[in-house]
$ cat run_33.tsv   # TSV, C-alpha atoms
chain	number	residue	atom	x	y	z
A	1	MET	CA	4.66	17.67	-13.59
A	2	ILE	CA	0.99	18.66	-13.46
A	3	ALA	CA	0.27	16.93	-16.77
A	4	THR	CA	2.10	13.81	-15.58
A	5	ILE	CA	0.21	13.40	-12.32
A	6	SER	CA	-3.13	14.38	-13.90
A	7	LYS	CA	-3.02	11.27	-16.09
A	8	THR	CA	-3.74	8.96	-13.16
A	9	ARG	CA	-5.85	11.19	-10.87
A	10	PRO	CA	-9.07	13.20	-10.95
A	11	PRO	CA	-8.73	16.77	-12.25
A	12	ILE	CA	-6.61	18.96	-9.99
A	13	SER	CA	-8.28	22.10	-8.68
A	14	ARG	CA	-7.15	25.40	-10.11
A	15	THR	CA	-6.20	26.54	-6.59
A	16	ILE	CA	-3.72	23.69	-6.17
A	17	ILE	CA	-2.40	24.09	-9.72
A	18	ASN	CA	-1.69	27.74	-8.94
A	19	ALA	CA	0.15	26.72	-5.78
A	20	LEU	CA	2.28	24.19	-7.69
A	21	HIS	CA	3.25	26.90	-10.17
A	22	ALA	CA	3.97	29.42	-7.42
A	23	VAL	CA	6.14	27.01	-5.40
A	24	PRO	CA	8.62	25.28	-7.76
A	25	ARG	CA	9.56	21.82	-6.51
A	26	HIS	CA	13.20	22.11	-7.56
A	27	LEU	CA	13.80	24.71	-4.85
A	28	PHE	CA	13.17	21.96	-2.27
A	29	VAL	CA	15.09	19.04	-3.78
A	30	PRO	CA	18.81	18.62	-3.00
A	31	SER	CA	21.37	18.24	-5.76
A	32	VAL	CA	21.77	14.56	-4.87
A	33	GLY	CA	18.88	12.32	-3.87
A	34	VAL	CA	17.35	8.88	-4.36
A	35	ALA	CA	14.34	8.74	-6.66
A	36	LEU	CA	11.82	6.00	-5.91
A	37	THR	CA	11.00	4.97	-9.47
A	38	ASP	CA	8.80	2.15	-10.74
A	39	THR	CA	11.94	0.06	-11.32
A	40	GLY	CA	13.49	0.74	-7.90
A	41	PRO	CA	15.58	3.40	-6.15
A	42	GLU	CA	17.87	5.42	-8.43
A	43	LEU	CA	20.47	8.02	-7.54
A	44	ILE	CA	19.92	11.41	-9.13
A	45	ASP	CA	22.78	13.92	-9.24
A	46	ARG	CA	22.30	17.42	-10.56
A	47	GLY	CA	26.03	17.93	-10.99
A	48	SER	CA	26.81	14.82	-13.05
A	49	ASP	CA	23.47	14.34	-14.84
A	50	PRO	CA	21.37	17.52	-14.72
A	51	GLU	CA	18.97	16.33	-17.42
A	52	THR	CA	17.88	13.30	-15.40
A	53	TRP	CA	17.75	15.36	-12.21
A	54	TRP	CA	15.40	17.95	-13.72
A	55	ALA	CA	13.23	15.30	-15.38
A	56	THR	CA	12.89	13.45	-12.09
A	57	VAL	CA	12.15	16.55	-10.03
A	58	TYR	CA	9.29	17.40	-12.35
A	59	GLY	CA	8.21	13.80	-12.77
A	60	LYS	CA	6.24	11.41	-10.56
A	61	PRO	CA	8.70	9.93	-8.04
A	62	ALA	CA	9.18	10.68	-4.39
A	63	ILE	CA	12.80	11.68	-3.77
A	64	VAL	CA	14.53	10.42	-0.64
A	65	THR	CA	16.73	13.08	0.92
A	66	GLN	CA	18.01	11.29	4.04
A	67	LEU	CA	19.03	7.73	4.89
A	68	ASP	CA	19.19	6.28	8.40
A	69	LYS	CA	18.60	9.67	10.06
A	70	GLY	CA	21.66	11.02	8.28
A	71	ALA	CA	24.03	8.24	9.34
A	72	THR	CA	24.30	6.87	5.79
A	73	ASP	CA	25.50	8.95	2.83
A	74	ILE	CA	22.65	9.45	0.38
A	75	ARG	CA	24.96	8.32	-2.43
A	76	ASN	CA	24.92	4.81	-0.98
A	77	VAL	CA	21.27	4.61	-2.12
A	78	GLU	CA	20.61	1.66	0.23
A	79	GLY	CA	19.41	2.36	3.76
A	80	ARG	CA	16.32	3.19	5.77
A	81	TYR	CA	14.46	6.13	4.30
A	82	THR	CA	14.06	8.80	6.99
A	83	SER	CA	13.17	11.95	5.04
A	84	SER	CA	12.01	12.75	1.53
A	85	ASN	CA	10.34	15.14	-0.86
A	86	SER	CA	7.01	13.39	-1.35
A	87	ALA	CA	5.65	12.20	-4.68
A	88	PRO	CA	3.77	15.12	-6.30
A	89	GLY	CA	0.68	13.00	-7.00
A	90	THR	CA	0.35	12.03	-3.35
A	91	VAL	CA	0.97	15.62	-2.24
A	92	VAL	CA	-1.88	16.74	-4.50
A	93	ASP	CA	-4.16	13.99	-3.19
A	94	LEU	CA	-3.62	14.95	0.45
A	95	LEU	CA	-3.95	18.67	-0.20
A	96	THR	CA	-7.19	18.00	-2.07
A	97	GLN	CA	-8.52	16.03	0.90
A	98	LEU	CA	-7.36	18.75	3.30
A	99	ASP	CA	-8.97	21.56	1.24
A	100	PRO	CA	-7.18	24.50	2.92
A	101	ASP	CA	-8.67	27.92	2.25
A	102	SER	CA	-7.58	31.52	2.51
A	103	GLY	CA	-7.11	32.59	6.13
A	104	HIS	CA	-7.01	29.08	7.57
A	105	ARG	CA	-4.61	28.39	10.40
A	106	VAL	CA	-2.67	25.21	9.57
A	107	LEU	CA	-0.49	22.80	11.52
A	108	GLU	CA	1.85	20.69	9.42
A	109	VAL	CA	3.43	17.64	11.06
A	110	GLY	CA	6.68	16.75	9.30
A	111	THR	CA	8.38	19.69	7.58
A	112	GLY	CA	10.69	17.47	5.52
A	113	THR	CA	12.19	19.53	2.71
A	114	GLY	CA	9.72	22.36	3.29
A	115	TRP	CA	7.86	21.96	-0.02
A	116	THR	CA	4.42	21.25	1.43
A	117	ALA	CA	4.86	23.99	4.04
A	118	ALA	CA	5.43	26.39	1.15
A	119	LEU	CA	2.42	25.05	-0.75
A	120	LEU	CA	0.25	25.41	2.35
A	121	SER	CA	1.51	28.96	2.84
A	122	HIS	CA	0.42	29.83	-0.68
A	123	LEU	CA	-2.96	28.11	-0.29
A	124	VAL	CA	-3.89	29.98	2.90
A	125	GLY	CA	-2.45	33.26	1.63
A	126	ASP	CA	-0.25	34.04	4.62
A	127	ALA	CA	2.80	32.00	5.66
A	128	SER	CA	2.51	33.25	9.25
A	129	ARG	CA	-0.67	31.17	9.57
A	130	VAL	CA	1.25	27.93	8.89
A	131	THR	CA	3.10	26.16	11.69
A	132	SER	CA	5.33	23.29	10.56
A	133	ILE	CA	7.02	20.97	13.04
A	134	GLU	CA	9.95	18.64	12.30
A	135	VAL	CA	11.55	16.15	14.70
A	136	ASP	CA	14.97	16.00	12.98
A	137	GLN	CA	17.21	18.99	13.66
A	138	ALA	CA	19.30	18.61	10.50
A	139	VAL	CA	16.22	18.17	8.30
A	140	ALA	CA	14.59	21.20	9.94
A	141	GLU	CA	17.66	23.37	9.34
A	142	GLN	CA	17.79	22.47	5.65
A	143	ALA	CA	14.05	23.06	5.28
A	144	ALA	CA	14.47	26.53	6.79
A	145	LYS	CA	17.16	27.29	4.20
A	146	ASN	CA	14.97	26.00	1.37
A	147	LEU	CA	11.99	28.06	2.50
A	148	ALA	CA	14.06	31.19	2.98
A	149	ALA	CA	15.50	30.79	-0.54
A	150	ALA	CA	11.94	30.50	-1.86
A	151	GLY	CA	10.91	33.62	0.04
A	152	VAL	CA	8.38	31.77	2.21
A	153	HIS	CA	8.45	32.13	5.99
A	154	PRO	CA	6.07	29.90	7.96
A	155	ARG	CA	6.57	29.28	11.67
A	156	LEU	CA	9.10	26.42	11.94
A	157	ILE	CA	9.36	24.29	15.06
A	158	VAL	CA	11.81	21.50	15.94
A	159	GLY	CA	10.03	18.93	18.08
A	160	ASP	CA	7.85	15.85	18.23
A	161	GLY	CA	4.94	16.36	15.86
A	162	ALA	CA	2.81	13.93	17.86
A	163	GLU	CA	2.46	16.69	20.45
A	164	GLY	CA	1.32	19.27	17.92
A	165	TRP	CA	2.02	22.93	18.77
A	166	ALA	CA	-0.53	24.34	21.17
A	167	GLU	CA	0.87	27.88	21.09
A	168	ALA	CA	-0.54	28.52	17.62
A	169	ALA	CA	-3.86	26.72	18.16
A	170	PRO	CA	-6.70	26.53	17.37
A	171	TYR	CA	-6.12	25.13	13.90
A	172	ASP	CA	-8.49	24.86	10.97
A	173	ARG	CA	-6.42	22.21	9.23
A	174	VAL	CA	-3.81	19.64	10.24
A	175	HIS	CA	-1.67	18.27	7.42
A	176	VAL	CA	0.53	15.27	8.27
A	177	THR	CA	3.43	14.09	6.10
A	178	CYS	CA	4.32	10.92	7.99
A	179	ALA	CA	2.29	7.78	8.65
A	180	VAL	CA	0.81	6.87	12.03
A	181	HIS	CA	-0.68	3.72	13.52
A	182	THR	CA	-2.43	5.76	16.17
A	183	VAL	CA	-3.75	9.29	15.69
A	184	PRO	CA	-2.34	11.53	18.46
A	185	TYR	CA	-5.26	13.15	20.25
A	186	ALA	CA	-3.24	16.37	20.57
A	187	TRP	CA	-3.98	17.04	16.90
A	188	ILE	CA	-7.70	16.89	17.59
A	189	ALA	CA	-7.52	18.84	20.84
A	190	GLN	CA	-5.70	21.72	19.13
A	191	CYS	CA	-8.37	22.10	16.43
A	192	ARG	CA	-11.56	24.12	16.36
A	193	PRO	CA	-14.87	22.32	15.59
A	194	GLY	CA	-15.19	21.70	11.87
A	195	ALA	CA	-11.44	21.49	11.37
A	196	VAL	CA	-10.03	18.82	9.06
A	197	VAL	CA	-7.12	16.50	9.84
A	198	VAL	CA	-5.53	14.53	6.98
A	199	THR	CA	-2.84	11.97	7.74
A	200	PRO	CA	-1.30	8.91	6.14
A	201	PHE	CA	-2.45	5.92	8.18
A	202	SER	CA	-0.57	2.63	8.48
A	203	THR	CA	-2.48	-0.47	9.54
A	204	GLY	CA	0.80	-2.13	10.42
A	205	PHE	CA	0.06	-4.69	7.73
A	206	ASP	CA	0.81	-4.30	4.02
A	207	THR	CA	-1.13	-1.29	2.74
A	208	ASP	CA	-1.18	2.33	3.90
A	209	HIS	CA	-4.04	4.76	3.39
A	210	SER	CA	-4.96	8.37	3.89
A	211	LEU	CA	-7.32	9.15	6.76
A	212	ARG	CA	-9.47	12.28	6.68
A	213	LEU	CA	-11.04	13.33	9.99
A	214	VAL	CA	-13.42	16.16	10.83
A	215	VAL	CA	-13.37	17.54	14.38
A	216	LEU	CA	-16.73	17.63	16.15
A	217	PRO	CA	-17.92	20.11	18.81
A	218	ASP	CA	-17.60	17.47	21.55
A	219	GLY	CA	-13.85	17.20	20.99
A	220	SER	CA	-13.95	13.93	19.06
A	221	ALA	CA	-13.14	13.47	15.37
A	222	ILE	CA	-14.69	11.18	12.80
A	223	GLY	CA	-13.79	10.26	9.25
A	224	ARG	CA	-12.97	7.73	6.57
A	225	PHE	CA	-10.09	6.48	4.43
A	226	PRO	CA	-10.25	8.33	1.08
A	227	GLY	CA	-7.42	6.51	-0.64
A	228	TYR	CA	-3.86	5.25	-0.77
A	229	ALA	CA	-0.91	7.10	0.80
A	230	SER	CA	2.44	5.50	1.59
A	231	TYR	CA	4.68	7.58	3.85
A	232	MET	CA	7.53	6.98	6.28
A	233	MET	CA	6.35	6.24	9.79
A	234	MET	CA	6.34	8.94	12.45
A	235	ARG	CA	9.54	8.26	14.36
A	236	SER	CA	7.82	7.92	17.72
A	237	GLN	CA	5.58	5.23	16.18
A	238	GLY	CA	8.30	3.51	14.16
A	239	ALA	CA	8.83	-0.13	13.32
A	240	THR	CA	8.71	-2.68	16.13
A	241	LYS	CA	11.13	-5.59	16.11
A	242	GLY	CA	10.62	-8.79	18.02
A	243	ASP	CA	12.99	-9.85	20.80
A	244	PRO	CA	15.84	-12.23	19.87
A	245	ASP	CA	14.78	-15.84	19.48
A	246	ASP	CA	15.58	-17.85	22.63
A	247	CYS	CA	14.56	-21.09	20.87
A	248	SER	CA	11.63	-21.63	23.24
A	249	GLY	CA	9.05	-21.12	20.52
A	250	ARG	CA	6.72	-23.62	18.91
A	251	ARG	CA	6.71	-24.72	15.28
A	252	PHE	CA	3.65	-26.06	13.47
A	253	THR	CA	2.21	-26.37	9.99
A	254	THR	CA	-0.70	-24.34	8.67
A	255	ALA	CA	-3.25	-25.04	5.96
A	256	VAL	CA	-3.56	-21.30	5.27
A	257	ASP	CA	-1.18	-20.06	2.60
A	258	PRO	CA	0.80	-17.20	4.26
A	259	ARG	CA	0.40	-15.20	1.04
A	260	THR	CA	-3.32	-14.96	1.85
A	261	ILE	CA	-2.35	-12.66	4.72
A	262	THR	CA	0.65	-11.07	3.01
A	263	TYR	CA	-1.39	-9.85	0.04
A	264	ALA	CA	-4.73	-9.32	1.75
A	265	PRO	CA	-6.81	-6.37	0.45
A	266	ALA	CA	-6.95	-3.02	2.22
A	267	GLY	CA	-10.20	-3.77	4.06
A	268	ALA	CA	-8.80	-7.00	5.45
A	269	ASN	CA	-5.67	-5.22	6.66
A	270	LEU	CA	-7.77	-2.73	8.61
A	271	VAL	CA	-9.74	-5.54	10.25
A	272	MET	CA	-6.69	-7.66	11.09
A	273	SER	CA	-4.99	-4.64	12.63
A	274	ALA	CA	-8.03	-3.59	14.65
A	275	LEU	CA	-8.85	-7.07	15.96
A	276	THR	CA	-5.32	-8.18	16.84
A	277	GLY	CA	-3.28	-5.03	17.44
A	278	LEU	CA	-0.37	-6.77	15.69
A	279	ARG	CA	2.00	-5.49	13.05
A	280	MET	CA	3.34	-7.38	10.07
A	281	ARG	CA	6.72	-7.16	8.39
A	282	LEU	CA	7.70	-8.88	5.16
A	283	ASP	CA	11.15	-10.44	5.01
A	284	ASP	CA	10.71	-11.64	1.42
A	285	GLU	CA	7.98	-13.11	-0.76
A	286	LYS	CA	8.00	-16.34	1.23
A	287	ARG	CA	8.16	-15.14	4.84
A	288	LEU	CA	6.16	-12.74	6.96
A	289	PHE	CA	6.69	-11.72	10.57
A	290	LEU	CA	4.03	-10.77	13.11
A	291	VAL	CA	4.85	-8.90	16.31
A	292	ASP	CA	2.94	-7.48	19.27
A	293	PRO	CA	4.11	-3.84	19.50
A	294	GLY	CA	3.28	-3.76	23.19
A	295	ASP	CA	5.27	-6.93	23.95
A	296	PRO	CA	8.12	-7.66	21.48
A	297	GLY	CA	8.54	-11.06	23.14
A	298	GLN	CA	5.36	-12.08	21.35
A	299	TRP	CA	6.21	-12.66	17.69
A	300	GLY	CA	5.86	-15.20	14.95
A	301	ALA	CA	6.94	-16.02	11.42
A	302	ALA	CA	4.88	-17.74	8.73
A	303	ILE	CA	6.75	-19.41	5.87
A	304	TYR	CA	5.38	-20.16	2.41
A	305	GLU	CA	6.72	-23.43	1.00
A	306	PRO	CA	5.80	-23.78	-2.68
A	307	ASP	CA	6.53	-27.53	-2.75
A	308	GLY	CA	5.64	-28.54	0.80
A	309	GLU	CA	3.62	-27.68	3.88
A	310	HIS	CA	3.49	-24.08	5.03
A	311	TRP	CA	4.72	-23.67	8.58
A	312	VAL	CA	4.70	-21.18	11.44
A	313	TYR	CA	7.10	-20.45	14.28
A	314	GLU	CA	5.79	-18.51	17.29
A	315	LEU	CA	7.41	-17.17	20.42
A	316	GLY	CA	5.38	-16.17	23.48
A	317	ASP	CA	1.97	-17.09	24.86
A	318	ARG	CA	-0.22	-15.50	22.17
A	319	HIS	CA	-1.34	-17.57	19.20
A	320	LEU	CA	-0.60	-14.83	16.69
A	321	TRP	CA	-1.16	-16.81	13.51
A	322	GLU	CA	-4.51	-18.08	14.74
A	323	GLU	CA	-5.57	-14.55	15.72
A	324	VAL	CA	-4.62	-13.06	12.36
A	325	THR	CA	-6.20	-15.79	10.23
A	326	GLU	CA	-9.40	-15.67	12.30
A	327	ALA	CA	-9.54	-11.91	11.78
A	328	TYR	CA	-9.01	-12.36	8.04
A	329	PHE	CA	-11.82	-14.90	7.70
A	330	ARG	CA	-14.11	-12.74	9.80
A	331	TRP	CA	-13.57	-10.03	7.19
A	332	VAL	CA	-14.39	-12.60	4.49
A	333	SER	CA	-17.60	-13.56	6.32
A	334	TRP	CA	-18.71	-9.90	6.23
A	335	GLY	CA	-18.62	-9.97	2.43
A	336	GLU	CA	-15.02	-8.74	2.00
A	337	PRO	CA	-15.86	-5.03	2.48
A	338	GLY	CA	-13.54	-2.59	0.75
A	339	LEU	CA	-11.68	0.38	2.14
A	340	GLU	CA	-14.53	2.79	1.33
A	341	ARG	CA	-16.82	1.13	3.87
A	342	PHE	CA	-14.57	1.70	6.88
A	343	GLY	CA	-14.21	4.72	9.11
A	344	MET	CA	-12.59	5.81	12.35
A	345	THR	CA	-13.52	7.81	15.42
A	346	VAL	CA	-10.84	9.45	17.59
A	347	THR	CA	-11.53	10.57	21.17
A	348	PRO	CA	-9.37	11.28	24.24
A	349	GLU	CA	-9.79	7.58	25.10
A	350	GLY	CA	-8.29	6.35	21.83
A	351	GLN	CA	-9.30	5.44	18.30
A	352	GLN	CA	-12.04	3.10	17.12
A	353	LEU	CA	-12.35	1.49	13.69
A	354	TRP	CA	-15.88	0.86	12.39
A	355	LEU	CA	-17.67	-0.63	9.39
A	356	ASP	CA	-20.24	1.54	7.58
A	357	THR	CA	-21.29	3.43	10.72
A	358	PRO	CA	-19.75	4.32	14.11
A	359	GLU	CA	-22.47	2.16	15.66
A	360	ALA	CA	-20.70	-0.91	14.23
A	361	PRO	CA	-17.27	-0.83	15.94
A	362	ILE	CA	-14.57	-3.36	15.11
A	363	GLY	CA	-12.34	-4.57	17.90
A	364	PRO	CA	-11.40	-2.68	21.07
A	365	ARG	CA	-10.77	1.04	21.23
A	366	ARG	CA	-7.01	1.36	20.80
A	367	ARG	CA	-4.89	3.76	22.75
A	368	PRO	CA	-1.38	4.77	21.63
A	369	THR	CA	1.17	1.98	22.06
A	370	ALA	CA	4.86	2.65	22.56
A	371	ALA	CA	6.94	1.44	19.61
$ encode --input "run_33.tsv" --output "structure tokens"
Amino acid sequence: MIATISKTRPPISRTIINALHAVPRHLFVPSVGVALTDTGPELIDRGSDPETWWATVYGKPAIVTQLDKGATDIRNVEGRYTSSNSAPGTVVDLLTQLDPDSGHRVLEVGTGTGWTAALLSHLVGDASRVTSIEVDQAVAEQAAKNLAAAGVHPRLIVGDGAEGWAEAAPYDRVHVTCAVHTVPYAWIAQCRPGAVVVTPFSTGFDTDHSLRLVVLPDGSAIGRFPGYASYMMMRSQGATKGDPDDCSGRRFTTAVDPRTITYAPAGANLVMSALTGLRMRLDDEKRLFLVDPGDPGQWGAAIYEPDGEHWVYELGDRHLWEEVTEAYFRWVSWGEPGLERFGMTVTPEGQQLWLDTPEAPIGPRRRPTAA
């Protein structure tokens, strides 16, 4: 596994390599799961095909362990992914960004299978200094069994990870294994100055990133987006669907190819999200949906027509397509800055995206929005 993930990433630190050897992944993968391979989701079954199961467990893919919050049998393969054992390469990336050290007190948000909680326990040298919180009771119970079987005993909490766990604060590190649109301030408030928070961050558009924040003495946190990280959304910040169509919307053509927005680069996605507050969902390669998470009655769809005019349908008072395309071309006018030039500041008042420096904010400061 280490050789496989090292082919596409910078050298892995000896500390993390030691942790990967000390905490075997197979102890945290169920006998039946769904591997997210380059060719699509594939069922792996230790009982019927142990060779493939072992090769997958010590290969690159993330392995889905729960569908539709447990309502769909994992053998069905198809369904909404609601828990997984993360891809080893991404786990290594986030742990490298987190840089936990011996004696650190760590909060993990999203126990999942328990694998990263075990890795964190090894990295800090004392499992009692790791608090891991999981929102799903069934997932938490299985993680506890996995960890006990591995002989690792961190503090395990069932609850909403957005609230953190103040009883074990202050933390030196916060490691998050689900994506957020909005960074909960509780994570910052429960840290000591100099602490590091690493979380997958979803713009609500097409690409997801990792966000690394450092907590400052004034109670704020500041950081940048070190790279790519695709994770399931935190359940309390999950997908927003628009209200049913009441046929009162407006339809019009657009000169802008919808694929310009659909496949916009990472920097553009950050800007479009910050300036509009909207979220995008792709129905297929020809259609994208935009929705206001604070008002699901405000939504729109843009349709790509390869042999005709592209058109848009919008419901509500906001001109969503105009807002998004204006935000995209504003990003273009700035020279199409890449992900590495953006950063974020988080305070009790909300989060603020910026370009190059905190003195160059983009859009309004955004407070958490109910999904």
$ axis_aligned_box --input "run_33.tsv" --around "segment 69-85 of chain A" --padding-each-side "6 Å" --output "lines of an AutoDock Vina configuration file"
center_x = 17.9
center_y = 8.4
center_z = 3.8
size_x = 27.2
size_y = 25.5
size_z = 24.5
$ closest_residue --input "run_33.tsv" --among "A:Gly277, A:Pro24, A:Gly363, A:Gly335" --to "Asp295 of chain A" --atoms "all atoms listed in the file"
A:Gly277
$ closest_residue --input "run_33.tsv" --among "A:Thr56, A:Thr116, A:Gln298, A:Thr39" --to "Leu20 of chain A" --atoms "only C-alpha atoms"
A:Thr116
$ residues_around --input "run_33.tsv" --residues "Ser230 of chain A" --least-positions-apart "4" --cutoff "10 Å" --atoms "only C-alpha atoms" --output "list in words"
Ser86, Ala87, Thr90, Thr177, Cys178, Ala179, Pro200, Phe201, Ser202, Thr207, Asp208, His209 and Ser210 of chain A
$ write_last_selection --input "run_33.tsv" --atoms "C-alpha atoms" --output "mmCIF file, keeping the file's coordinate frame"
data_model
loop_
_atom_site.group_PDB
_atom_site.id
_atom_site.type_symbol
_atom_site.label_atom_id
_atom_site.label_comp_id
_atom_site.auth_asym_id
_atom_site.auth_seq_id
_atom_site.Cartn_x
_atom_site.Cartn_y
_atom_site.Cartn_z
ATOM 1 C CA SER A 86 7.010 13.390 -1.350
ATOM 2 C CA ALA A 87 5.650 12.200 -4.680
ATOM 3 C CA THR A 90 0.350 12.030 -3.350
ATOM 4 C CA THR A 177 3.430 14.090 6.100
ATOM 5 C CA CYS A 178 4.320 10.920 7.990
ATOM 6 C CA ALA A 179 2.290 7.780 8.650
ATOM 7 C CA PRO A 200 -1.300 8.910 6.140
ATOM 8 C CA PHE A 201 -2.450 5.920 8.180
ATOM 9 C CA SER A 202 -0.570 2.630 8.480
ATOM 10 C CA THR A 207 -1.130 -1.290 2.740
ATOM 11 C CA ASP A 208 -1.180 2.330 3.900
ATOM 12 C CA HIS A 209 -4.040 4.760 3.390
ATOM 13 C CA SER A 210 -4.960 8.370 3.890
#
$ closest_residue --input "run_33.tsv" --among "A:Val32, A:Ala148, A:Ala19, A:Val109" --to "Ser121 of chain A" --atoms "all atoms listed in the file"
A:Ala19
$ closest_residue --input "run_33.tsv" --among "A:Phe329, A:Arg250, A:Ala264, A:Trp334" --to "Gly316 of chain A" --atoms "only C-alpha atoms"
A:Arg250
$ residues_around --input "run_33.tsv" --residues "Ala127 of chain A" --least-positions-apart "6" --cutoff "7 Å" --atoms "all atoms listed in the file" --output "list in words"
Ser121, Val152, His153 and Pro154 of chain A
$ write_last_selection --input "run_33.tsv" --atoms "C-alpha atoms" --output "short mmCIF file (atom, residue, chain, number, x, y, z; two decimals), in the frame of the given file"
data_model
loop_
_atom_site.label_atom_id
_atom_site.label_comp_id
_atom_site.auth_asym_id
_atom_site.auth_seq_id
_atom_site.Cartn_x
_atom_site.Cartn_y
_atom_site.Cartn_z
CA SER A 121 1.51 28.96 2.84
CA VAL A 152 8.38 31.77 2.21
CA HIS A 153 8.45 32.13 5.99
CA PRO A 154 6.07 29.90 7.96
#
